[in-house]
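Content type PDB, C-alpha atoms and all ligand atoms, from the file input.pdb:
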```pdb
ATOM      1  CA  MET A  16       0.000   0.000   0.000
ATOM      2  CA  SER A  17       1.400   3.454  -0.860
ATOM      3  CA  THR A  18       1.814   6.109   1.864
ATOM      4  CA  VAL A  19      -1.056   8.117   0.430
ATOM      5  CA  ASP A  20      -3.343   5.045   0.349
ATOM      6  CA  ALA A  21      -2.384   4.240   3.938
ATOM      7  CA  LEU A  22      -3.136   7.809   5.079
ATOM      8  CA  GLN A  23      -6.437   7.799   3.243
ATOM      9  CA  SER A  24      -7.541   4.524   4.686
ATOM     10  CA  PHE A  25      -6.542   5.557   8.239
ATOM     11  CA  TRP A  26      -8.445   8.850   8.096
ATOM     12  CA  ASN A  27     -11.421   7.499   6.175
ATOM     13  CA  ALA A  28     -11.804   4.801   8.836
ATOM     14  CA  ARG A  29     -11.663   7.432  11.585
ATOM     15  CA  TYR A  30     -14.391   9.448   9.871
ATOM     16  CA  ALA A  31     -16.599   6.450   9.012
ATOM     17  CA  ALA A  32     -18.688   6.862  12.185
ATOM     18  CA  SER A  33     -21.725   9.109  11.947
ATOM     19  CA  GLU A  34     -20.593  11.254  14.893
ATOM     20  CA  PHE A  35     -18.201  14.159  14.216
ATOM     21  CA  VAL A  36     -15.019  12.949  15.909
ATOM     22  CA  TYR A  37     -13.563  16.492  16.286
ATOM     23  CA  GLY A  38     -16.979  17.974  16.979
ATOM     24  CA  THR A  39     -18.996  20.423  14.927
ATOM     25  CA  GLU A  40     -17.844  23.540  16.787
ATOM     26  CA  PRO A  41     -14.849  25.450  15.402
ATOM     27  CA  ASN A  42     -11.401  25.319  16.957
ATOM     28  CA  ASP A  43     -11.104  27.725  19.937
ATOM     29  CA  PHE A  44      -8.018  29.516  18.609
ATOM     30  CA  LEU A  45      -9.564  30.050  15.166
ATOM     31  CA  LYS A  46     -12.598  31.658  16.811
ATOM     32  CA  LEU A  47     -10.333  34.058  18.702
ATOM     33  CA  SER A  48      -8.450  34.881  15.473
ATOM     34  CA  LEU A  49     -11.482  35.761  13.376
ATOM     35  CA  ASP A  50     -10.870  39.509  13.182
ATOM     36  CA  ARG A  51      -7.342  38.916  11.776
ATOM     37  CA  LEU A  52      -8.721  37.395   8.558
ATOM     38  CA  PRO A  53      -9.003  39.893   5.676
ATOM     39  CA  ARG A  54     -12.637  40.314   4.645
ATOM     40  CA  GLY A  55     -13.652  39.758   1.021
ATOM     41  CA  GLN A  56     -10.793  37.313   0.337
ATOM     42  CA  PRO A  57     -11.052  33.530  -0.061
ATOM     43  CA  VAL A  58      -9.924  31.267   2.758
ATOM     44  CA  LEU A  59      -8.162  27.930   2.403
ATOM     45  CA  CYS A  60      -8.649  25.395   5.218
ATOM     46  CA  LEU A  61      -5.825  22.865   5.138
ATOM     47  CA  ALA A  62      -6.708  19.293   6.132
ATOM     48  CA  ASP A  63     -10.147  20.452   7.234
ATOM     49  CA  GLY A  64     -11.388  16.951   8.043
ATOM     50  CA  GLU A  65     -15.092  16.984   8.844
ATOM     51  CA  GLY A  66     -15.267  20.704   8.124
ATOM     52  CA  ARG A  67     -15.992  22.216  11.536
ATOM     53  CA  ASN A  68     -13.608  25.117  10.839
ATOM     54  CA  GLY A  69     -14.406  25.670   7.163
ATOM     55  CA  VAL A  70     -18.158  25.604   7.736
ATOM     56  CA  TRP A  71     -17.884  28.026  10.638
ATOM     57  CA  LEU A  72     -15.822  30.424   8.493
ATOM     58  CA  ALA A  73     -18.420  30.156   5.708
ATOM     59  CA  ARG A  74     -21.049  31.046   8.329
ATOM     60  CA  GLN A  75     -18.983  34.170   9.086
ATOM     61  CA  GLY A  76     -19.265  35.190   5.428
ATOM     62  CA  PHE A  77     -16.028  33.842   3.952
ATOM     63  CA  GLU A  78     -15.667  31.971   0.679
ATOM     64  CA  VAL A  79     -14.046  28.728   1.856
ATOM     65  CA  THR A  80     -12.144  25.909   0.196
ATOM     66  CA  SER A  81     -11.457  22.872   2.386
ATOM     67  CA  VAL A  82      -8.820  20.367   1.308
ATOM     68  CA  ASP A  83      -8.279  16.999   2.952
ATOM     69  CA  ILE A  84      -6.949  13.597   2.007
ATOM     70  CA  ALA A  85     -10.009  11.866   3.496
ATOM     71  CA  GLU A  86     -13.064  11.735   1.273
ATOM     72  CA  GLU A  87     -15.196  10.547   4.211
ATOM     73  CA  GLY A  88     -14.276  13.657   6.189
ATOM     74  CA  LEU A  89     -15.149  16.043   3.385
ATOM     75  CA  ARG A  90     -18.432  14.212   2.755
ATOM     76  CA  LYS A  91     -19.361  15.035   6.362
ATOM     77  CA  ALA A  92     -18.080  18.608   5.851
ATOM     78  CA  GLN A  93     -20.526  19.046   2.971
ATOM     79  CA  ALA A  94     -23.354  17.639   5.116
ATOM     80  CA  LEU A  95     -22.430  20.073   7.918
ATOM     81  CA  ALA A  96     -22.415  22.969   5.435
ATOM     82  CA  ARG A  97     -25.848  21.982   4.087
ATOM     83  CA  GLU A  98     -27.223  21.800   7.610
ATOM     84  CA  ALA A  99     -25.816  25.276   8.316
ATOM     85  CA  GLY A 100     -27.245  26.637   5.053
ATOM     86  CA  VAL A 101     -23.848  27.638   3.638
ATOM     87  CA  ALA A 102     -21.695  26.454   0.742
ATOM     88  CA  ILE A 103     -18.055  25.403   0.884
ATOM     89  CA  ARG A 104     -15.823  24.033  -1.838
ATOM     90  CA  THR A 105     -14.152  20.737  -0.950
ATOM     91  CA  GLU A 106     -11.262  18.978  -2.609
ATOM     92  CA  VAL A 107      -9.892  15.531  -1.799
ATOM     93  CA  ALA A 108      -6.124  15.852  -2.170
ATOM     94  CA  ASP A 109      -2.753  15.127  -0.621
ATOM     95  CA  LEU A 110      -1.308  18.407   0.683
ATOM     96  CA  ALA A 111       2.171  17.139  -0.147
ATOM     97  CA  THR A 112       1.393  17.658  -3.824
ATOM     98  CA  TRP A 113      -1.761  19.813  -4.065
ATOM     99  CA  ASP A 114      -1.195  23.098  -5.890
ATOM    100  CA  LEU A 115      -2.113  25.963  -3.546
ATOM    101  CA  GLY A 116      -1.555  28.554  -6.261
ATOM    102  CA  VAL A 117       0.212  31.891  -5.985
ATOM    103  CA  ALA A 118      -1.223  35.039  -4.331
ATOM    104  CA  ARG A 119      -4.614  33.368  -4.185
ATOM    105  CA  TRP A 120      -5.830  33.251  -0.548
ATOM    106  CA  GLY A 121      -6.547  35.990   1.971
ATOM    107  CA  ALA A 122      -6.110  33.460   4.768
ATOM    108  CA  ILE A 123      -4.813  29.931   5.171
ATOM    109  CA  VAL A 124      -5.985  28.028   8.216
ATOM    110  CA  SER A 125      -4.023  25.072   9.589
ATOM    111  CA  ILE A 126      -5.570  23.464  12.647
ATOM    112  CA  PHE A 127      -4.105  20.222  14.031
ATOM    113  CA  VAL A 128      -2.438  19.349  10.730
ATOM    114  CA  HIS A 129       0.481  17.061  11.593
ATOM    115  CA  LEU A 130       2.681  16.216   8.642
ATOM    116  CA  PRO A 131       6.177  14.735   8.259
ATOM    117  CA  PRO A 132       8.824  17.493   8.633
ATOM    118  CA  LYS A 133       9.865  17.593   4.974
ATOM    119  CA  VAL A 134       6.251  17.772   3.771
ATOM    120  CA  ARG A 135       5.374  20.349   6.433
ATOM    121  CA  ARG A 136       8.320  22.635   5.620
ATOM    122  CA  ASP A 137       7.576  22.516   1.909
ATOM    123  CA  LEU A 138       3.851  23.089   2.495
ATOM    124  CA  HIS A 139       4.511  26.099   4.722
ATOM    125  CA  ALA A 140       6.798  27.661   2.107
ATOM    126  CA  ARG A 141       4.063  27.141  -0.482
ATOM    127  CA  CYS A 142       1.486  28.649   1.915
ATOM    128  CA  VAL A 143       3.463  31.893   2.069
ATOM    129  CA  ARG A 144       3.607  32.057  -1.742
ATOM    130  CA  ALA A 145      -0.109  31.235  -1.959
ATOM    131  CA  LEU A 146      -1.199  34.139   0.269
ATOM    132  CA  VAL A 147      -2.112  37.494  -1.210
ATOM    133  CA  PRO A 148       0.024  40.368   0.132
ATOM    134  CA  GLY A 149      -1.431  41.139   3.563
ATOM    135  CA  GLY A 150      -2.864  37.623   3.798
ATOM    136  CA  VAL A 151      -2.587  35.663   7.015
ATOM    137  CA  ILE A 152      -1.733  32.185   8.263
ATOM    138  CA  VAL A 153      -3.610  30.961  11.312
ATOM    139  CA  TYR A 154      -1.900  27.893  12.768
ATOM    140  CA  GLU A 155      -2.540  25.731  15.799
ATOM    141  CA  GLY A 156      -1.089  22.282  16.304
ATOM    142  CA  TYR A 157       0.186  20.076  19.068
ATOM    143  CA  GLY A 158       3.744  20.801  20.123
ATOM    144  CA  GLU A 159       6.703  18.609  20.991
ATOM    145  CA  GLN A 160       5.634  18.223  24.633
ATOM    146  CA  GLN A 161       2.242  16.775  23.745
ATOM    147  CA  LEU A 162       3.538  13.213  24.123
ATOM    148  CA  ARG A 163       3.610  13.813  27.904
ATOM    149  CA  HIS A 164      -0.058  14.707  27.939
ATOM    150  CA  GLY A 165      -1.548  11.909  25.876
ATOM    151  CA  THR A 166      -4.747  13.862  25.303
ATOM    152  CA  GLY A 167      -4.719  13.663  21.514
ATOM    153  CA  GLY A 168      -2.568  14.139  18.457
ATOM    154  CA  PRO A 169       0.027  11.890  16.866
ATOM    155  CA  ARG A 170       2.327   9.604  18.858
ATOM    156  CA  GLU A 171       5.266  10.129  16.470
ATOM    157  CA  PRO A 172       7.620  12.874  17.809
ATOM    158  CA  GLU A 173       8.620  13.952  14.284
ATOM    159  CA  LEU A 174       5.012  15.048  13.634
ATOM    160  CA  LEU A 175       5.129  17.464  16.599
ATOM    161  CA  PRO A 176       7.194  20.530  15.610
ATOM    162  CA  ARG A 177       8.692  23.023  18.036
ATOM    163  CA  LEU A 178       7.577  26.644  17.885
ATOM    164  CA  ASP A 179      11.033  27.821  16.730
ATOM    165  CA  GLU A 180      10.853  25.450  13.750
ATOM    166  CA  LEU A 181       7.457  26.896  12.798
ATOM    167  CA  LEU A 182       8.723  30.459  13.225
ATOM    168  CA  ALA A 183      11.594  29.718  10.839
ATOM    169  CA  GLU A 184       9.148  28.280   8.292
ATOM    170  CA  PHE A 185       7.112  31.504   8.290
ATOM    171  CA  ASP A 186      10.163  33.773   8.376
ATOM    172  CA  GLY A 187       9.495  36.895   6.323
ATOM    173  CA  CYS A 188       5.892  37.159   7.533
ATOM    174  CA  GLY A 189       4.940  39.610  10.276
ATOM    175  CA  LEU A 190       4.240  37.760  13.479
ATOM    176  CA  GLU A 191       0.988  38.915  15.142
ATOM    177  CA  HIS A 192       0.679  36.111  17.682
ATOM    178  CA  ARG A 193       2.863  33.307  18.985
ATOM    179  CA  PHE A 194       2.232  30.903  21.799
ATOM    180  CA  SER A 195       3.694  27.643  22.917
ATOM    181  CA  GLY A 196       2.196  26.136  26.026
ATOM    182  CA  VAL A 197      -0.562  24.162  27.610
ATOM    183  CA  ARG A 198      -4.239  24.847  27.122
ATOM    184  CA  GLU A 199      -7.426  22.883  27.656
ATOM    185  CA  VAL A 200      -8.486  21.373  24.350
ATOM    186  CA  TYR A 201     -11.988  19.931  24.277
ATOM    187  CA  GLU A 202     -12.609  19.504  20.558
ATOM    188  CA  GLY A 203     -14.259  16.132  19.987
ATOM    189  CA  ALA A 204     -13.412  12.670  21.261
ATOM    190  CA  PHE A 205      -9.810  12.699  20.002
ATOM    191  CA  HIS A 206      -8.777  16.071  21.463
ATOM    192  CA  HIS A 207      -9.683  15.828  25.066
ATOM    193  CA  GLY A 208      -7.911  17.530  27.947
ATOM    194  CA  GLU A 209      -4.850  19.647  28.669
ATOM    195  CA  GLY A 210      -2.655  19.712  25.600
ATOM    196  CA  HIS A 211       0.646  21.299  24.632
ATOM    197  CA  VAL A 212       0.005  23.448  21.571
ATOM    198  CA  ASN A 213       1.837  25.864  19.323
ATOM    199  CA  GLN A 214      -0.101  28.795  17.888
ATOM    200  CA  LEU A 215       0.894  31.369  15.286
ATOM    201  CA  ILE A 216      -0.698  34.190  13.395
ATOM    202  CA  ALA A 217       1.689  35.326  10.657
ATOM    203  CA  ARG A 218       0.929  37.933   7.996
ATOM    204  CA  LYS A 219       2.558  38.183   4.580
ATOM    205  CA  PRO A 220       3.884  41.713   4.043
ATOM    206  CA  ALA A 221       1.422  43.926   2.145
TER     207      ALA A 221
HETATM  208  C1  LIG B 301      -6.438  15.802  13.515
HETATM  209  S1  LIG B 301      -7.331  15.923  11.999
HETATM  210  C2  LIG B 301      -7.784  17.638  12.041
HETATM  211  C3  LIG B 301      -8.952  17.960  11.148
HETATM  212  C4  LIG B 301      -9.384  19.416  11.191
HETATM  213  N1  LIG B 301      -8.318  20.311  10.801
HETATM  214  C5  LIG B 301      -9.932  19.793  12.533
HETATM  215  O1  LIG B 301      -9.266  20.550  13.244
HETATM  216  O2  LIG B 301     -11.031  19.333  12.875
HETATM  217  C6  LIG B 301      -6.017  15.876  10.794
HETATM  218  C7  LIG B 301      -6.500  15.907   9.351
HETATM  219  O3  LIG B 301      -5.371  15.902   8.486
HETATM  220  C8  LIG B 301      -5.735  15.206   7.295
HETATM  221  N2  LIG B 301      -4.490  14.849   6.591
HETATM  222  C9  LIG B 301      -3.463  14.116   7.073
HETATM  223  N3  LIG B 301      -2.476  14.037   6.159
HETATM  224  C10 LIG B 301      -2.900  14.740   5.074
HETATM  225  C11 LIG B 301      -2.322  15.031   3.801
HETATM  226  N4  LIG B 301      -1.113  14.592   3.468
HETATM  227  N5  LIG B 301      -3.033  15.775   2.925
HETATM  228  C12 LIG B 301      -4.273  16.232   3.258
HETATM  229  N6  LIG B 301      -4.860  15.991   4.444
HETATM  230  C13 LIG B 301      -4.182  15.256   5.340
HETATM  231  C14 LIG B 301      -6.546  14.035   7.819
HETATM  232  O4  LIG B 301      -7.350  13.429   6.847
HETATM  233  C15 LIG B 301      -7.345  14.713   8.939
HETATM  234  O5  LIG B 301      -8.588  15.166   8.461
END
```

Can you present the structure in this file as structure tokens?
Amino acid sequence: MSTVDALQSFWNARYAASEFVYGTEPNDFLKLSLDRLPRGQPVLCLADGEGRNGVWLARQGFEVTSVDIAEEGLRKAQALAREAGVAIRTEVADLATWDLGVARWGAIVSIFVHLPPKVRRDLHARCVRALVPGGVIVYEGYGEQQLRHGTGGPREPELLPRLDELLAEFDGCGLEHRFSGVREVYEGAFHHGEGHVNQLIARKPA
């Protein structure tokens, strides 16, 4: 089985249940970051899973594209959007190879997207190119100390970057927020309890 097939089958199996395993409410940090997103510009939600973040942003008036490797997740995202009376565009794709475009998005949202270091570094460089001038990255993911907590996220240390690694990947963008520490994460059955997270809001120069 190829790596992409293995990833797809893992995530499709996780999303096969009818319940929303990360909940239907948006990520806490994204909610707090809402006023940083430029209005009137499209938003890309990376690895949006079952769509809780993309659908919420569409409900706030944004044009949203959600990309994820798991078809089952995006099927639920479309159902969530229908229930909310909004439209989102969904695309089943591997972020290691998906073309984000150039100067296309007003905001790129990355919430609990844990990729191998080489893929992550390359994706983040492409994110910066894909933002319009003045566009913003909103990032939250588990950090390197999350293994001590065991409240969610991957068990492979290489999928848990340090904040300084992330800062280097968004070098050249203006940093509007940075945080590395513990917060309570209650976002569905798989994110449950005190977790060590890294957060960033980084803006491409206008
Ligand atoms: C922990 S879930 C988070 C989902 C969503 N961002 C949220 O916060 O509810 C991680 C997501 O990453 C997706 N994913 C993992 N590797 C991927 C890849 N290479 N390309 C696209 N999506 C990927 C999975 O399918 C899954 O939906």

Contacts of ligand LIG 301 (chain B), 7 Å or closer, only C-alpha atoms and all ligand atoms, given as a short mmCIF file (atom, residue, chain, number, x, y, z; two decimals) with C-alpha atoms, in the coordinates of the input:
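Written file, out21.cif:
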```
data_model
loop_
_atom_site.label_atom_id
_atom_site.label_comp_id
_atom_site.auth_asym_id
_atom_site.auth_seq_id
_atom_site.Cartn_x
_atom_site.Cartn_y
_atom_site.Cartn_z
CA LEU A 22 -3.14 7.81 5.08
CA GLN A 23 -6.44 7.80 3.24
CA TRP A 26 -8.44 8.85 8.10
CA TYR A 37 -13.56 16.49 16.29
CA ASN A 42 -11.40 25.32 16.96
CA LEU A 61 -5.82 22.86 5.14
CA ALA A 62 -6.71 19.29 6.13
CA ASP A 63 -10.15 20.45 7.23
CA GLY A 64 -11.39 16.95 8.04
CA GLU A 65 -15.09 16.98 8.84
CA GLY A 66 -15.27 20.70 8.12
CA ARG A 67 -15.99 22.22 11.54
CA ASN A 68 -13.61 25.12 10.84
CA VAL A 82 -8.82 20.37 1.31
CA ASP A 83 -8.28 17.00 2.95
CA ILE A 84 -6.95 13.60 2.01
CA ALA A 85 -10.01 11.87 3.50
CA GLY A 88 -14.28 13.66 6.19
CA ALA A 108 -6.12 15.85 -2.17
CA ASP A 109 -2.75 15.13 -0.62
CA LEU A 110 -1.31 18.41 0.68
CA ALA A 111 2.17 17.14 -0.15
CA SER A 125 -4.02 25.07 9.59
CA ILE A 126 -5.57 23.46 12.65
CA PHE A 127 -4.11 20.22 14.03
CA VAL A 128 -2.44 19.35 10.73
CA HIS A 129 0.48 17.06 11.59
CA LEU A 130 2.68 16.22 8.64
CA GLY A 168 -2.57 14.14 18.46
#
```

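Of the residues listed (A:His211, A:His164, A:Arg218, A:Lys46), A:Arg218 shows the shortest atom-to-atom separation from Arg144 in chain A; distances use all atoms listed in the file.
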
Apply the PyMOL selection byres (((chain A and resi 49) around 12) and not hetatm) to the displayed file and report the matching residues as a PyMOL selection string.
chain A and resi 41-48+50-54+58+68+71-77+122+124+151-153+216

Given the file shown, determine the residues that the PyMOL selection byres (((chain A and resi 167) around 12) and not hetatm) selects; report them as a PyMOL selection string.
chain A and resi 36-37+127+129+156-158+160-166+168-171+175+199-212

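Computed from the coordinates, the CA of Leu89 in chain A to CA of Pro57 in chain A distance equals 18.3 Å.
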
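Our summary of the geometry notes that CA of Leu181 in chain A is positioned 17.1 Å from CA of Val197 in chain A.
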
note - CA of Leu182 in chain A and CA of Arg119 in chain A are separated by 22.1 Å

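Nearest to Pro176 in chain A of all the residues A:Arg141, A:Asn27, A:Ala96, A:Pro131 is A:Pro131, based on only C-alpha atoms.
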
Which residue out of A:Arg177, A:Cys188, A:Val19, A:Phe35 has the minimum interatomic distance to Thr112 in chain A when all atoms listed in the file are used?
A:Val19

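If you apply the PyMOL selection byres (((chain A and resi 80) around 7) and not hetatm) to this structure, you end up with Val58, Leu59, Cys60, Val79, Ser81, Val82, Ile103, Arg104 and Thr105 of chain A.
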
Test item: residues at most 7 Å from Ser195 in chain A, all atoms listed in the file, excluding those fewer than 4 positions along its chain, as a ChimeraX atom specification:
/A:178,212-214

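Minimum atom-to-atom distances from A:Leu215, A:Cys142, A:Ala118, A:Ala92 to Glu106 in chain A were compared using only C-alpha atoms, and the lowest value belongs to A:Ala92.
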
Contacts of Asp186 in chain A within 10 Å, all atoms listed in the file, excl. fewer than 3 positions in-chain, as a PyMOL selection string
chain A and resi 140+143+180-183+189-190+217+219
